[in-house]
file upload-v4.cif (mmCIF, N, CA and C atoms)
data_model
#
loop_
_atom_site.label_atom_id
_atom_site.label_comp_id
_atom_site.auth_asym_id
_atom_site.auth_seq_id
_atom_site.Cartn_x
_atom_site.Cartn_y
_atom_site.Cartn_z
N GLN A 1 -2.90 19.91 20.83
CA GLN A 1 -2.06 19.05 20.02
C GLN A 1 -2.91 17.95 19.40
N VAL A 2 -2.81 17.80 18.09
CA VAL A 2 -3.56 16.77 17.39
C VAL A 2 -2.86 15.44 17.59
N GLN A 3 -3.53 14.48 18.20
CA GLN A 3 -2.90 13.20 18.42
C GLN A 3 -3.90 12.09 18.70
N LEU A 4 -3.41 10.87 18.51
CA LEU A 4 -4.14 9.66 18.85
C LEU A 4 -3.23 8.84 19.76
N VAL A 5 -3.78 8.31 20.83
CA VAL A 5 -3.00 7.53 21.78
C VAL A 5 -3.71 6.22 22.06
N GLU A 6 -3.04 5.12 21.72
CA GLU A 6 -3.60 3.79 21.94
C GLU A 6 -3.20 3.26 23.32
N SER A 7 -4.04 2.39 23.85
CA SER A 7 -3.73 1.70 25.11
C SER A 7 -4.51 0.40 25.16
N GLY A 8 -4.15 -0.45 26.12
CA GLY A 8 -4.90 -1.68 26.33
C GLY A 8 -4.23 -2.95 25.85
N GLY A 9 -3.09 -2.81 25.20
CA GLY A 9 -2.40 -4.00 24.72
C GLY A 9 -1.80 -4.80 25.88
N GLY A 10 -1.30 -5.98 25.55
CA GLY A 10 -0.69 -6.82 26.56
C GLY A 10 -0.54 -8.25 26.10
N LEU A 11 -0.22 -9.11 27.04
CA LEU A 11 -0.06 -10.54 26.76
C LEU A 11 -1.35 -11.27 27.14
N VAL A 12 -1.84 -12.07 26.23
CA VAL A 12 -3.07 -12.83 26.48
C VAL A 12 -2.92 -14.21 25.88
N GLN A 13 -3.56 -15.19 26.49
CA GLN A 13 -3.52 -16.56 25.99
C GLN A 13 -4.45 -16.72 24.81
N PRO A 14 -4.14 -17.68 23.94
CA PRO A 14 -5.07 -17.96 22.83
C PRO A 14 -6.47 -18.24 23.36
N GLY A 15 -7.44 -17.67 22.67
CA GLY A 15 -8.83 -17.78 23.09
C GLY A 15 -9.28 -16.68 24.02
N GLY A 16 -8.35 -15.88 24.48
CA GLY A 16 -8.67 -14.80 25.41
C GLY A 16 -9.17 -13.55 24.71
N SER A 17 -9.39 -12.52 25.51
CA SER A 17 -9.93 -11.26 25.02
C SER A 17 -9.11 -10.08 25.50
N LEU A 18 -9.13 -9.02 24.72
CA LEU A 18 -8.54 -7.73 25.09
C LEU A 18 -9.41 -6.63 24.50
N ARG A 19 -9.37 -5.48 25.17
CA ARG A 19 -10.06 -4.30 24.63
C ARG A 19 -9.04 -3.19 24.48
N LEU A 20 -8.83 -2.77 23.25
CA LEU A 20 -7.94 -1.65 22.97
C LEU A 20 -8.73 -0.35 22.97
N SER A 21 -8.08 0.71 23.39
CA SER A 21 -8.67 2.03 23.38
C SER A 21 -7.80 2.99 22.58
N CYS A 22 -8.43 3.97 21.98
CA CYS A 22 -7.74 5.02 21.24
C CYS A 22 -8.33 6.35 21.67
N GLU A 23 -7.52 7.16 22.31
CA GLU A 23 -7.98 8.47 22.79
C GLU A 23 -7.51 9.55 21.82
N ALA A 24 -8.43 10.35 21.36
CA ALA A 24 -8.13 11.41 20.41
C ALA A 24 -8.16 12.77 21.08
N SER A 25 -7.34 13.68 20.57
CA SER A 25 -7.35 15.05 21.07
C SER A 25 -6.90 16.00 19.97
N GLY A 26 -7.32 17.25 20.08
CA GLY A 26 -6.84 18.28 19.18
C GLY A 26 -7.59 18.45 17.89
N PHE A 27 -8.65 17.67 17.68
CA PHE A 27 -9.44 17.85 16.47
C PHE A 27 -10.89 17.48 16.76
N THR A 28 -11.77 17.83 15.83
CA THR A 28 -13.20 17.57 16.01
C THR A 28 -13.45 16.09 15.73
N PHE A 29 -13.49 15.33 16.78
CA PHE A 29 -13.48 13.87 16.70
C PHE A 29 -14.63 13.33 15.87
N ASP A 30 -15.82 13.87 16.09
CA ASP A 30 -17.01 13.27 15.48
C ASP A 30 -17.17 13.63 14.00
N LYS A 31 -16.18 14.28 13.42
CA LYS A 31 -16.22 14.60 11.99
C LYS A 31 -15.46 13.57 11.15
N PHE A 32 -14.76 12.63 11.80
CA PHE A 32 -13.83 11.77 11.07
C PHE A 32 -14.12 10.29 11.27
N ALA A 33 -14.04 9.55 10.15
CA ALA A 33 -13.97 8.10 10.25
C ALA A 33 -12.60 7.73 10.79
N LEU A 34 -12.52 6.56 11.42
CA LEU A 34 -11.26 6.11 12.02
C LEU A 34 -11.04 4.64 11.67
N THR A 35 -9.79 4.23 11.81
CA THR A 35 -9.46 2.85 11.50
C THR A 35 -8.49 2.28 12.54
N TRP A 36 -8.51 0.97 12.65
CA TRP A 36 -7.48 0.23 13.38
C TRP A 36 -6.65 -0.54 12.35
N TYR A 37 -5.33 -0.40 12.46
CA TYR A 37 -4.40 -1.17 11.64
C TYR A 37 -3.53 -2.00 12.58
N ARG A 38 -2.89 -3.01 12.02
CA ARG A 38 -1.92 -3.75 12.81
C ARG A 38 -0.71 -4.12 11.95
N GLN A 39 0.42 -4.21 12.63
CA GLN A 39 1.66 -4.59 11.97
C GLN A 39 2.24 -5.76 12.75
N ALA A 40 2.25 -6.91 12.12
CA ALA A 40 2.75 -8.12 12.77
C ALA A 40 4.27 -8.10 12.82
N PRO A 41 4.86 -8.86 13.73
CA PRO A 41 6.32 -8.93 13.83
C PRO A 41 6.94 -9.37 12.51
N GLY A 42 7.99 -8.66 12.11
CA GLY A 42 8.68 -9.01 10.88
C GLY A 42 8.07 -8.44 9.62
N LYS A 43 6.91 -7.81 9.75
CA LYS A 43 6.26 -7.21 8.58
C LYS A 43 6.68 -5.76 8.45
N THR A 44 6.68 -5.27 7.22
CA THR A 44 7.06 -3.88 6.97
C THR A 44 5.85 -2.97 7.10
N LEU A 45 6.12 -1.65 7.04
CA LEU A 45 5.04 -0.67 7.10
C LEU A 45 4.02 -0.90 5.98
N LYS A 46 4.55 -1.27 4.81
CA LYS A 46 3.65 -1.49 3.67
C LYS A 46 2.75 -2.69 3.88
N GLU A 47 3.17 -3.59 4.79
CA GLU A 47 2.41 -4.80 5.03
C GLU A 47 1.44 -4.68 6.20
N ARG A 48 1.26 -3.45 6.70
CA ARG A 48 0.27 -3.25 7.75
C ARG A 48 -1.09 -3.68 7.23
N GLU A 49 -1.85 -4.30 8.12
CA GLU A 49 -3.17 -4.80 7.75
C GLU A 49 -4.26 -3.91 8.33
N LEU A 50 -5.19 -3.53 7.48
CA LEU A 50 -6.36 -2.80 7.95
C LEU A 50 -7.27 -3.79 8.68
N VAL A 51 -7.51 -3.56 9.95
CA VAL A 51 -8.27 -4.48 10.78
C VAL A 51 -9.74 -4.11 10.81
N ALA A 52 -10.03 -2.84 11.07
CA ALA A 52 -11.42 -2.42 11.21
C ALA A 52 -11.54 -0.93 10.93
N SER A 53 -12.70 -0.55 10.45
CA SER A 53 -13.01 0.85 10.18
C SER A 53 -14.35 1.20 10.80
N ILE A 54 -14.50 2.47 11.15
CA ILE A 54 -15.77 2.93 11.70
C ILE A 54 -16.04 4.34 11.20
N SER A 55 -17.26 4.60 10.83
CA SER A 55 -17.64 5.91 10.32
C SER A 55 -17.66 6.94 11.44
N SER A 56 -17.82 8.19 11.05
CA SER A 56 -17.78 9.27 12.03
C SER A 56 -18.89 9.15 13.08
N THR A 57 -20.03 8.63 12.67
CA THR A 57 -21.15 8.48 13.61
C THR A 57 -21.14 7.14 14.32
N GLY A 58 -20.33 6.21 13.80
CA GLY A 58 -20.30 4.87 14.38
C GLY A 58 -21.32 3.92 13.81
N ILE A 59 -22.13 4.41 12.87
CA ILE A 59 -23.19 3.57 12.32
C ILE A 59 -22.63 2.50 11.39
N TRP A 60 -21.61 2.91 10.63
CA TRP A 60 -21.04 1.99 9.63
C TRP A 60 -19.71 1.44 10.13
N THR A 61 -19.53 0.12 10.06
CA THR A 61 -18.27 -0.51 10.41
C THR A 61 -17.88 -1.51 9.34
N ASN A 62 -16.60 -1.82 9.28
CA ASN A 62 -16.10 -2.80 8.32
C ASN A 62 -14.90 -3.51 8.92
N TYR A 63 -14.72 -4.78 8.55
CA TYR A 63 -13.68 -5.59 9.17
C TYR A 63 -12.90 -6.38 8.12
N ALA A 64 -11.64 -6.65 8.43
CA ALA A 64 -10.87 -7.59 7.64
C ALA A 64 -11.46 -8.98 7.82
N ASP A 65 -11.39 -9.79 6.79
CA ASP A 65 -11.92 -11.15 6.88
C ASP A 65 -11.27 -11.93 8.02
N SER A 66 -10.02 -11.63 8.30
CA SER A 66 -9.27 -12.38 9.31
C SER A 66 -9.79 -12.15 10.73
N VAL A 67 -10.55 -11.07 10.94
CA VAL A 67 -11.03 -10.76 12.30
C VAL A 67 -12.55 -10.71 12.39
N LYS A 68 -13.21 -10.85 11.24
CA LYS A 68 -14.67 -10.74 11.22
C LYS A 68 -15.29 -11.79 12.14
N GLY A 69 -16.22 -11.34 12.97
CA GLY A 69 -16.88 -12.24 13.92
C GLY A 69 -16.17 -12.36 15.25
N ARG A 70 -14.93 -11.86 15.33
CA ARG A 70 -14.16 -11.92 16.58
C ARG A 70 -13.89 -10.54 17.16
N PHE A 71 -13.71 -9.56 16.30
CA PHE A 71 -13.39 -8.19 16.73
C PHE A 71 -14.59 -7.28 16.51
N THR A 72 -14.72 -6.30 17.40
CA THR A 72 -15.77 -5.31 17.26
C THR A 72 -15.20 -3.92 17.50
N VAL A 73 -15.39 -3.03 16.54
CA VAL A 73 -14.94 -1.65 16.67
C VAL A 73 -16.13 -0.79 17.10
N SER A 74 -15.85 0.16 17.96
CA SER A 74 -16.90 1.07 18.43
C SER A 74 -16.26 2.41 18.77
N ARG A 75 -17.10 3.40 19.01
CA ARG A 75 -16.58 4.71 19.40
C ARG A 75 -17.59 5.41 20.30
N ASP A 76 -17.05 6.32 21.09
CA ASP A 76 -17.86 7.17 21.97
C ASP A 76 -17.48 8.61 21.63
N ASN A 77 -18.29 9.26 20.83
CA ASN A 77 -17.95 10.60 20.38
C ASN A 77 -18.01 11.64 21.51
N ASP A 78 -18.73 11.34 22.56
CA ASP A 78 -18.76 12.26 23.70
C ASP A 78 -17.44 12.24 24.47
N LYS A 79 -16.74 11.12 24.39
CA LYS A 79 -15.47 10.97 25.13
C LYS A 79 -14.25 11.03 24.23
N ASN A 80 -14.47 11.22 22.91
CA ASN A 80 -13.36 11.23 21.94
C ASN A 80 -12.55 9.93 22.01
N MET A 81 -13.26 8.82 22.07
CA MET A 81 -12.62 7.53 22.22
C MET A 81 -13.10 6.56 21.14
N MET A 82 -12.18 5.71 20.69
CA MET A 82 -12.51 4.58 19.84
C MET A 82 -12.00 3.33 20.53
N TYR A 83 -12.69 2.21 20.28
CA TYR A 83 -12.34 0.97 20.94
C TYR A 83 -12.25 -0.17 19.93
N LEU A 84 -11.50 -1.20 20.32
CA LEU A 84 -11.48 -2.43 19.55
C LEU A 84 -11.56 -3.59 20.55
N GLN A 85 -12.74 -4.21 20.59
CA GLN A 85 -12.94 -5.39 21.44
C GLN A 85 -12.49 -6.60 20.65
N MET A 86 -11.52 -7.32 21.18
CA MET A 86 -10.95 -8.48 20.49
C MET A 86 -11.22 -9.73 21.30
N ASN A 87 -11.96 -10.65 20.72
CA ASN A 87 -12.30 -11.92 21.38
C ASN A 87 -11.72 -13.08 20.59
N SER A 88 -11.68 -14.23 21.22
CA SER A 88 -11.17 -15.46 20.58
C SER A 88 -9.83 -15.20 19.91
N LEU A 89 -8.94 -14.59 20.64
CA LEU A 89 -7.66 -14.19 20.06
C LEU A 89 -6.82 -15.41 19.67
N LYS A 90 -6.08 -15.24 18.59
CA LYS A 90 -5.22 -16.29 18.05
C LYS A 90 -3.78 -15.80 18.02
N PRO A 91 -2.82 -16.71 18.01
CA PRO A 91 -1.41 -16.27 17.94
C PRO A 91 -1.13 -15.37 16.74
N GLU A 92 -1.84 -15.59 15.65
CA GLU A 92 -1.61 -14.76 14.47
C GLU A 92 -2.17 -13.34 14.60
N ASP A 93 -2.87 -13.07 15.70
CA ASP A 93 -3.31 -11.70 15.98
C ASP A 93 -2.21 -10.88 16.65
N THR A 94 -1.10 -11.51 17.00
CA THR A 94 0.01 -10.81 17.60
C THR A 94 0.53 -9.73 16.67
N ALA A 95 0.56 -8.49 17.18
CA ALA A 95 0.95 -7.35 16.34
C ALA A 95 0.95 -6.09 17.19
N VAL A 96 1.51 -5.04 16.63
CA VAL A 96 1.31 -3.70 17.17
C VAL A 96 0.06 -3.13 16.50
N TYR A 97 -0.86 -2.67 17.30
CA TYR A 97 -2.13 -2.15 16.81
C TYR A 97 -2.12 -0.62 16.87
N TYR A 98 -2.51 -0.01 15.76
CA TYR A 98 -2.50 1.44 15.62
C TYR A 98 -3.90 1.94 15.32
N CYS A 99 -4.27 3.07 15.88
CA CYS A 99 -5.46 3.74 15.41
C CYS A 99 -5.03 4.88 14.49
N ARG A 100 -5.87 5.12 13.50
CA ARG A 100 -5.51 6.09 12.47
C ARG A 100 -6.69 6.93 12.07
N ARG A 101 -6.38 8.18 11.69
CA ARG A 101 -7.35 9.05 11.05
C ARG A 101 -6.81 9.35 9.67
N GLY A 102 -7.44 8.83 8.67
CA GLY A 102 -6.97 9.01 7.31
C GLY A 102 -5.59 8.40 7.14
N ILE A 103 -4.76 9.07 6.34
CA ILE A 103 -3.41 8.56 6.10
C ILE A 103 -2.35 9.45 6.74
N THR A 104 -2.79 10.50 7.41
CA THR A 104 -1.81 11.45 7.93
C THR A 104 -1.65 11.44 9.44
N LEU A 105 -2.57 10.81 10.15
CA LEU A 105 -2.50 10.84 11.60
C LEU A 105 -2.62 9.43 12.15
N SER A 106 -1.61 9.03 12.93
CA SER A 106 -1.60 7.71 13.55
C SER A 106 -1.02 7.81 14.94
N GLY A 107 -1.51 6.91 15.82
CA GLY A 107 -0.89 6.81 17.12
C GLY A 107 0.42 6.04 17.05
N LYS A 108 1.04 5.86 18.21
CA LYS A 108 2.32 5.15 18.25
C LYS A 108 2.15 3.65 18.41
N GLY A 109 0.93 3.22 18.67
CA GLY A 109 0.63 1.80 18.70
C GLY A 109 0.68 1.18 20.09
N THR A 110 0.00 0.04 20.21
CA THR A 110 0.03 -0.74 21.44
C THR A 110 0.22 -2.20 21.05
N LEU A 111 1.11 -2.89 21.76
CA LEU A 111 1.50 -4.25 21.39
C LEU A 111 0.53 -5.26 21.99
N VAL A 112 0.05 -6.14 21.15
CA VAL A 112 -0.78 -7.27 21.57
C VAL A 112 -0.01 -8.54 21.27
N THR A 113 0.18 -9.35 22.29
CA THR A 113 0.88 -10.63 22.13
C THR A 113 -0.06 -11.74 22.57
N VAL A 114 -0.32 -12.66 21.66
CA VAL A 114 -1.19 -13.80 21.95
C VAL A 114 -0.32 -15.05 21.99
N SER A 115 -0.14 -15.57 23.18
CA SER A 115 0.77 -16.70 23.35
C SER A 115 0.45 -17.44 24.64
N SER A 116 0.69 -18.74 24.62
CA SER A 116 0.50 -19.53 25.84
C SER A 116 1.82 -19.66 26.60
#

call {"tool": "encode", "arguments": {"input": "upload-v4.cif", "output": "structure tokens"}}
result
Amino acid sequence: QVQLVESGGGLVQPGGSLRLSCEASGFTFDKFALTWYRQAPGKTLKERELVASISSTGIWTNYADSVKGRFTVSRDNDKNMMYLQMNSLKPEDTAVYYCRRGITLSGKGTLVTVSS
């Protein structure tokens, strides 16, 4: 079954850290670039924000300005896993985080809440 499954979300205080994971199955993982998106509370699907991207080999990465310097995307092609290390979290980072392959495959998301 072709799927992506996110995990690692939770409640964290401002300034804290979380590491999200995305486990892939059912396709040749190392052939595809992947992305992390997020949807903040009250925002529509069209307002999802592209957070980070990573190439199929992991050599190339790109970040939204809002997370640059705080978030790091990585992948382990041997384990079919992608990660998002999030540091110095802010309340405005609160959102459901999704991993995606292209525009046709997305996980169900994991909720990150940044609050004191």

call {"tool": "select_by_dssp", "arguments": {"input": "upload-v4.cif", "residues": "stretch 11-97 of chain A", "states": "strand (DSSP E)", "output": "ChimeraX atom specification"}}
result
/A:11-12,18-25,34-39,49-54,61-63,71-76,81-86,95-97

call {"tool": "resolve_selection", "arguments": {"input": "upload-v4.cif", "expression": "the PyMOL selection byres ((chain A and resi 85) around 6)", "output": "ChimeraX atom specification"}}
result
/A:18-20,70-74,83-84,86-87

call {"tool": "resolve_selection", "arguments": {"input": "upload-v4.cif", "expression": "the PyMOL selection byres ((chain A and resi 40-52) around 5)", "output": "PyMOL selection string"}}
result
chain A and resi 35-39+53-54+62-64+94-96

call {"tool": "resolve_selection", "arguments": {"input": "upload-v4.cif", "expression": "the PyMOL selection byres (((chain A and resi 82 and name CA) around 7) and name CA)", "output": "ChimeraX atom specification"}}
result
/A:21-23,74-76,81,83

call {"tool": "closest_residue", "arguments": {"input": "upload-v4.cif", "among": "A:Gln1, A:Asp30, A:Val12, A:Ile103", "to": "A:Ile59", "atoms": "only C-alpha atoms"}}
result
A:Asp30

call {"tool": "axis_aligned_box", "arguments": {"input": "upload-v4.cif", "around": "stretch 82-90 of chain A", "padding_each_side": "3 Å", "output": "lines of an AutoDock Vina configuration file"}}
result
center_x = -8.4
center_y = -5.3
center_z = 19.7
size_x = 15.2
size_y = 28.0
size_z = 9.4

call {"tool": "residues_near_point", "arguments": {"input": "upload-v4.cif", "point": "(-12.0, 6.5, 13.7)", "cutoff": "6 Å", "atoms": "only N, CA and C atoms", "output": "PyMOL selection string"}}
result
chain A and resi 32-35+54+100-101

call {"tool": "closest_residue", "arguments": {"input": "upload-v4.cif", "among": "A:Ser55, A:Ser25, A:Ser106, A:Ser116", "to": "A:Asn80", "atoms": "only C-alpha atoms"}}
result
A:Ser25

call {"tool": "atom_distance", "arguments": {"input": "upload-v4.cif", "atom1": "atom N of A:Cys99", "atom2": "atom N of A:Ser56"}}
result
15.3 Å

call {"tool": "select_by_dssp", "arguments": {"input": "upload-v4.cif", "residues": "chain A", "states": "helix (DSSP H, G or I)", "output": "PyMOL selection string"}}
result
chain A and resi 29-31+45-47+91-93

call {"tool": "atom_distance", "arguments": {"input": "upload-v4.cif", "atom1": "atom C of A:Thr57", "atom2": "atom CA of A:Asp93"}}
result
26.0 Å

call {"tool": "closest_residue", "arguments": {"input": "upload-v4.cif", "among": "A:Tyr97, A:Ser17, A:Thr28, A:Gly10", "to": "A:Gly109", "atoms": "all atoms listed in the file"}}
result
A:Tyr97

call {"tool": "atom_distance", "arguments": {"input": "upload-v4.cif", "atom1": "atom N of A:Gly69", "atom2": "atom C of A:Thr104"}}
result
27.3 Å

call {"tool": "residues_around", "arguments": {"input": "upload-v4.cif", "residues": "A:Gln13", "least_positions_apart": "2", "cutoff": "5 Å", "atoms": "all atoms listed in the file", "output": "list in words"}}
result
Leu11, Gly15, Gly16, Ser115 and Ser116 of chain A

call {"tool": "write_last_selection", "arguments": {"input": "upload-v4.cif", "atoms": "N, CA and C atoms", "output": "CSV table (one decimal), in the frame of the given file"}}
result
chain,number,residue,atom,x,y,z
A,11,LEU,N,-0.2,-9.1,27.0
A,11,LEU,CA,-0.1,-10.5,26.8
A,11,LEU,C,-1.4,-11.3,27.1
A,15,GLY,N,-7.4,-17.7,22.7
A,15,GLY,CA,-8.8,-17.8,23.1
A,15,GLY,C,-9.3,-16.7,24.0
A,16,GLY,N,-8.4,-15.9,24.5
A,16,GLY,CA,-8.7,-14.8,25.4
A,16,GLY,C,-9.2,-13.6,24.7
A,115,SER,N,-0.1,-15.6,23.2
A,115,SER,CA,0.8,-16.7,23.4
A,115,SER,C,0.4,-17.4,24.6
A,116,SER,N,0.7,-18.7,24.6
A,116,SER,CA,0.5,-19.5,25.8
A,116,SER,C,1.8,-19.7,26.6
